[in-house]
Every structure is written in C-alpha cells, then in structure tokens.
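Structure first, then comments.
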Amino acid sequence: MSQVIRIAAAQYPIEEPKNLAEFFAKITRWVDQAAQDSDLLVFPEYGGAEVMAVLGRELNRDLLAATRGIQSLIPEIDAHLAQLARSRGLFILAPSLPVENSAGEIQNVARFHAPSGKSEVQAKLVLTPFDREIWQLSPARTQTLFDTPFGKIGVAICYDVEFPLQVRALAEAGARLILCPSCTDTEAGYWRVRVGAMARALENQCVVVQSPTVGNVSWTNALDINRGAAGVFAPPDMAISSNGVLALGSMDRAQWLKFTVDLGRLEDIRQRGEVRTFNDWPKQMSGSVKLVELN
C-alpha cells in the first residue's frame, strides 16, 4: 500500500448559481482543474450550502426556510459528486451542507466519496454559536474513520479541529491524515482554525489539511463573508518541515492548493523524531493542581 498521496485543497469561492445545473457545472469545473494530478480533493465547510442560491434571494432572507428548501436537492448533489469521483478516479471530500437526518435534525454534513462508488459521511460534532443559535443545527454524536488505499483518514469540520480529544481519538484509531474543511468570516476565525489544525498536527504527529471558503456575497447572511487560506500542516520536525507548514495558499484567493505527502514518514517521526508527542501523550499530568500563595 503506497502512502504517498497527492492532495488538492480548495479555496472555494462562494458565488450565486442561478440553478442546479450552474452549480453542478461549477463543481465539475473545479474538480477537473485538479483531477489530473491529484488523488484526493478537499472542499470546504458549507461550500455545498452555496446551492441555497438557486432558491432565489427572497427565500434566502429566511435561512431556515432556505435550508429546508434544498433538502430535496441533496440526493442529486450527492449523486453528482459520486459520479465525479468515479469517472475521474478520485477521492473527494465534498463541500459540506446542512442535511436533515432520519430523526428530523439538521446537521452540517460532509460526504466522502471514493472512486469505487462508495461514500460515507462525517457531520460536525461541536457547533459554533452561529451554527447552534441562528442555523439551529444539531451536533453529530459519532466520528467516522475512512479506510483508504493511502491509509486511514479522519475529518474534523472547522470548529471541531480546535478540540484536541476529538482529533486524538481519530489519531489513536489510526488516522495519519486529518481533513479540515472550514468556513470563517473573519481573519481571527481563520487563524483559530489554522492554529487548531497546526496544534493537532503537532500533538498527533500527523498531517492536517485545511480547505476554506473565500469571497463575499449578498444573497445570504450565512455565507456573506468568507476569509481564509488553504494549508497543509505537519509536526515541526527537521525530517519533514522546520515550521510545520508544508504548503499554504494565498489569503482569500480562489485557487487549488496542491501538495504531495508521504504519510509513511509520519510513523518514523513518531518513533525516531526530535520529539515523540504522539507516543508521549499518556505522560501528560492528570493529577491535582497545587495552589501556592505568593502574595
């Protein structure tokens, strides 16, 4: 099994497609721009929610109504991305979008498509105040580990990458690559996710890939402002990277960021690297904290 994988992370621009065919044409164009020299394409959080634009500006004044309105379109969206993965011979982490589950809850769901035609989902675990209070989403309760020919891959959607124990669980289950689709509307938000991604790469001695939305639109308050840059992050170790940044896109620019990484090198870093944070994780102090008065 080769663990050398060619990754393309999208800095995906939110626009205003007039109809579903226009949305599909855009997604297809983006896939084809990266398909020839990539094994895995990573699209951002809420990139799929761009499809709400096809419902028109009037309906999009009500975010919850627009969310309900696209539910009938989701099977077609899933089928289109699945067909692209099969026909181009790629793994595609599709842009996430709000999806109603069997319990009637709306969750922020990213579907991972394989070239074999198989697919499975990861929904967001920890919700931001906007997710919870304005969009009225519900959190996922389980994590999915995706077993691929390149090794095991986990997904931490945006805010999820800021929580160490969630990503640690994926790493301990065998993930060497964590995909982090993101959507942030401020530079501070982008940096929170980026710092989280870099910290998780350091702690778990794994590779974390961030893919953001970019661009501004006026038709929705959910995706109106989008800031960020794609990044491929690794543990800072002279054997792989002195600063932990393997590749970085240009801030706020629509583009693909491409990088080839050998995930097999991570095991050597874990065993013989300058430090051994993955193996030393259990050595963290978990005892009491002593208060000392210095006044």
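Scheme for the structure tokens: letters A, B, ... for chains in order shown; per-chain residue numbers from 1; ligand numbers from 1 in order shown.
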message = Give me the residues near region 231-237 of chain A as a ChimeraX atom specification, where near means some atom within 9 Å (using only C-alpha atoms) and where sequence neighbours in that chain fewer than 6 positions away do not count.
response = /A:7,9,194,197-211,243-249,257-259,266,269,273-275
request  = Please provide the set of residues having any atom within 9 Å of region 149-161 of chain A, restricted to only C-alpha atoms, with same-chain residues fewer than 3 positions apart removed, written as a ChimeraX atom specification.
outcome  = /A:1-5,44-45,96,108-110,122-128,143-146,164,166-167,170-171,173-184,192-194,196-197,199-200,210,212,263-264
Just N, CA and C atoms for this one: save the residues we selected as a CSV table (one decimal), in the first residue's frame.
```
chain,number,residue,atom,x,y,z
A,1,MET,N,0.8,-1.2,0.0
A,1,MET,CA,0.0,0.0,0.0
A,1,MET,C,0.9,1.3,0.0
A,2,SER,N,0.8,2.1,-1.0
A,2,SER,CA,1.5,3.3,-1.1
A,2,SER,C,0.8,4.3,-0.2
A,3,GLN,N,1.6,5.0,0.6
A,3,GLN,CA,1.0,6.1,1.5
A,3,GLN,C,1.4,7.5,0.9
A,4,VAL,N,1.9,7.5,-0.3
A,4,VAL,CA,2.2,8.8,-1.0
A,4,VAL,C,0.9,9.2,-1.6
A,5,ILE,N,0.4,10.4,-1.2
A,5,ILE,CA,-0.9,10.9,-1.7
A,5,ILE,C,-0.8,12.3,-2.2
A,44,PRO,N,-14.5,22.8,1.1
A,44,PRO,CA,-14.6,23.4,2.4
A,44,PRO,C,-16.0,23.2,3.1
A,45,GLU,N,-16.0,23.5,4.3
A,45,GLU,CA,-17.3,23.6,5.1
A,45,GLU,C,-18.2,24.5,4.4
A,96,SER,N,-19.4,20.6,2.5
A,96,SER,CA,-20.4,20.3,3.4
A,96,SER,C,-21.6,21.2,3.2
A,108,ASN,N,-24.6,19.6,9.9
A,108,ASN,CA,-23.6,20.1,8.9
A,108,ASN,C,-22.8,18.8,8.5
A,109,VAL,N,-23.1,18.4,7.3
A,109,VAL,CA,-22.6,17.1,6.8
A,109,VAL,C,-21.6,17.2,5.6
A,110,ALA,N,-20.5,16.5,5.8
A,110,ALA,CA,-19.5,16.4,4.6
A,110,ALA,C,-19.5,14.9,4.2
A,122,GLN,N,-19.3,12.4,7.5
A,122,GLN,CA,-19.0,12.9,8.8
A,122,GLN,C,-19.7,14.2,9.0
A,123,ALA,N,-20.4,14.3,10.1
A,123,ALA,CA,-21.1,15.6,10.5
A,123,ALA,C,-20.3,16.3,11.6
A,124,LYS,N,-20.6,17.6,11.7
A,124,LYS,CA,-19.8,18.4,12.6
A,124,LYS,C,-20.3,18.0,14.1
A,125,LEU,N,-19.3,17.9,14.9
A,125,LEU,CA,-19.5,17.5,16.3
A,125,LEU,C,-19.8,18.6,17.3
A,126,VAL,N,-19.0,19.7,17.2
A,126,VAL,CA,-19.1,20.8,18.1
A,126,VAL,C,-19.6,22.0,17.3
A,127,LEU,N,-20.7,22.6,17.7
A,127,LEU,CA,-21.3,23.7,16.9
A,127,LEU,C,-20.9,25.1,17.5
A,128,THR,N,-20.6,26.0,16.6
A,128,THR,CA,-20.4,27.4,17.0
A,128,THR,C,-21.7,28.0,17.4
A,143,GLN,N,-17.9,9.8,15.4
A,143,GLN,CA,-16.8,10.1,14.4
A,143,GLN,C,-16.6,8.9,13.5
A,144,THR,N,-16.2,9.3,12.2
A,144,THR,CA,-16.0,8.3,11.2
A,144,THR,C,-14.5,8.2,10.8
A,145,LEU,N,-14.0,7.0,10.7
A,145,LEU,CA,-12.6,6.9,10.2
A,145,LEU,C,-12.7,6.2,8.9
A,146,PHE,N,-12.2,6.9,7.9
A,146,PHE,CA,-12.3,6.4,6.5
A,146,PHE,C,-11.0,5.6,6.1
A,164,PRO,N,-8.8,19.1,21.1
A,164,PRO,CA,-7.8,18.1,21.0
A,164,PRO,C,-8.3,16.6,21.1
A,166,GLN,N,-11.0,15.1,20.3
A,166,GLN,CA,-11.7,14.6,19.2
A,166,GLN,C,-10.7,14.1,18.1
A,167,VAL,N,-9.8,14.9,17.8
A,167,VAL,CA,-8.8,14.6,16.8
A,167,VAL,C,-7.9,13.5,17.3
A,170,LEU,N,-9.3,10.1,16.7
A,170,LEU,CA,-9.1,9.7,15.3
A,170,LEU,C,-7.6,9.2,15.1
A,171,ALA,N,-6.7,9.9,15.7
A,171,ALA,CA,-5.3,9.5,15.5
A,171,ALA,C,-5.0,8.2,16.2
A,173,ALA,N,-7.1,5.9,16.6
A,173,ALA,CA,-7.8,4.8,15.8
A,173,ALA,C,-7.0,4.5,14.5
A,174,GLY,N,-6.0,5.3,14.2
A,174,GLY,CA,-5.1,5.0,13.1
A,174,GLY,C,-5.0,6.1,12.0
A,175,ALA,N,-5.7,7.2,12.2
A,175,ALA,CA,-5.6,8.3,11.2
A,175,ALA,C,-4.2,8.9,11.2
A,176,ARG,N,-3.7,9.0,10.0
A,176,ARG,CA,-2.4,9.8,9.8
A,176,ARG,C,-2.7,11.1,9.1
A,177,LEU,N,-3.9,11.2,8.5
A,177,LEU,CA,-4.3,12.4,7.7
A,177,LEU,C,-5.7,12.9,8.2
A,178,ILE,N,-5.7,14.2,8.6
A,178,ILE,CA,-7.0,14.8,9.1
A,178,ILE,C,-7.4,15.9,8.1
A,179,LEU,N,-8.6,15.8,7.6
A,179,LEU,CA,-9.1,16.8,6.7
A,179,LEU,C,-10.0,17.8,7.4
A,180,CYS,N,-9.7,19.1,7.2
A,180,CYS,CA,-10.4,20.1,8.0
A,180,CYS,C,-11.0,21.1,7.0
A,181,PRO,N,-12.2,20.8,6.6
A,181,PRO,CA,-13.0,21.8,5.8
A,181,PRO,C,-13.4,22.9,6.7
A,182,SER,N,-13.3,24.2,6.3
A,182,SER,CA,-13.6,25.3,7.1
A,182,SER,C,-14.4,26.4,6.4
A,183,CYS,N,-15.0,27.2,7.2
A,183,CYS,CA,-15.8,28.4,6.7
A,183,CYS,C,-15.7,29.4,7.8
A,184,THR,N,-15.0,30.5,7.6
A,184,THR,CA,-14.8,31.6,8.6
A,184,THR,C,-15.0,32.9,8.0
A,192,ARG,N,-8.0,30.9,14.2
A,192,ARG,CA,-8.4,30.0,15.2
A,192,ARG,C,-8.4,28.5,14.6
A,193,VAL,N,-8.9,28.4,13.4
A,193,VAL,CA,-9.0,27.1,12.8
A,193,VAL,C,-7.6,26.7,12.4
A,194,ARG,N,-6.8,27.6,11.8
A,194,ARG,CA,-5.4,27.2,11.4
A,194,ARG,C,-4.6,26.9,12.6
A,196,GLY,N,-5.6,25.7,15.4
A,196,GLY,CA,-6.1,24.4,15.9
A,196,GLY,C,-5.5,23.2,15.0
A,197,ALA,N,-5.5,23.5,13.7
A,197,ALA,CA,-5.0,22.4,12.7
A,197,ALA,C,-3.5,22.2,13.0
A,199,ALA,N,-1.9,22.7,15.7
A,199,ALA,CA,-1.7,22.1,17.1
A,199,ALA,C,-2.0,20.6,17.0
A,200,ARG,N,-3.1,20.3,16.3
A,200,ARG,CA,-3.4,18.8,16.2
A,200,ARG,C,-2.3,18.1,15.4
A,210,GLN,N,-6.3,21.9,5.7
A,210,GLN,CA,-7.4,22.9,5.8
A,210,GLN,C,-7.9,23.4,4.4
A,212,PRO,N,-10.7,26.2,3.0
A,212,PRO,CA,-11.7,27.2,3.4
A,212,PRO,C,-12.6,27.7,2.2
A,263,LEU,N,2.7,9.8,3.8
A,263,LEU,CA,2.2,9.6,5.1
A,263,LEU,C,3.0,8.5,5.9
A,264,GLY,N,3.7,7.7,5.1
A,264,GLY,CA,4.5,6.7,5.8
A,264,GLY,C,5.7,7.3,6.6
```
request  = Measure the distance from CA of Thr213 (chain A) to CA of Pro17 (chain A) in Å and round it to one decimal.
outcome  =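 Computing it gives 15.4 Å between the two atoms.
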ask   = as number ranges by chain, which residues of region 24-273 of chain A does DSSP assign to alpha helix (DSSP H)?
value = A: 24-35, 63-69, 74-88, 129, 164-172, 187-204, 265-272
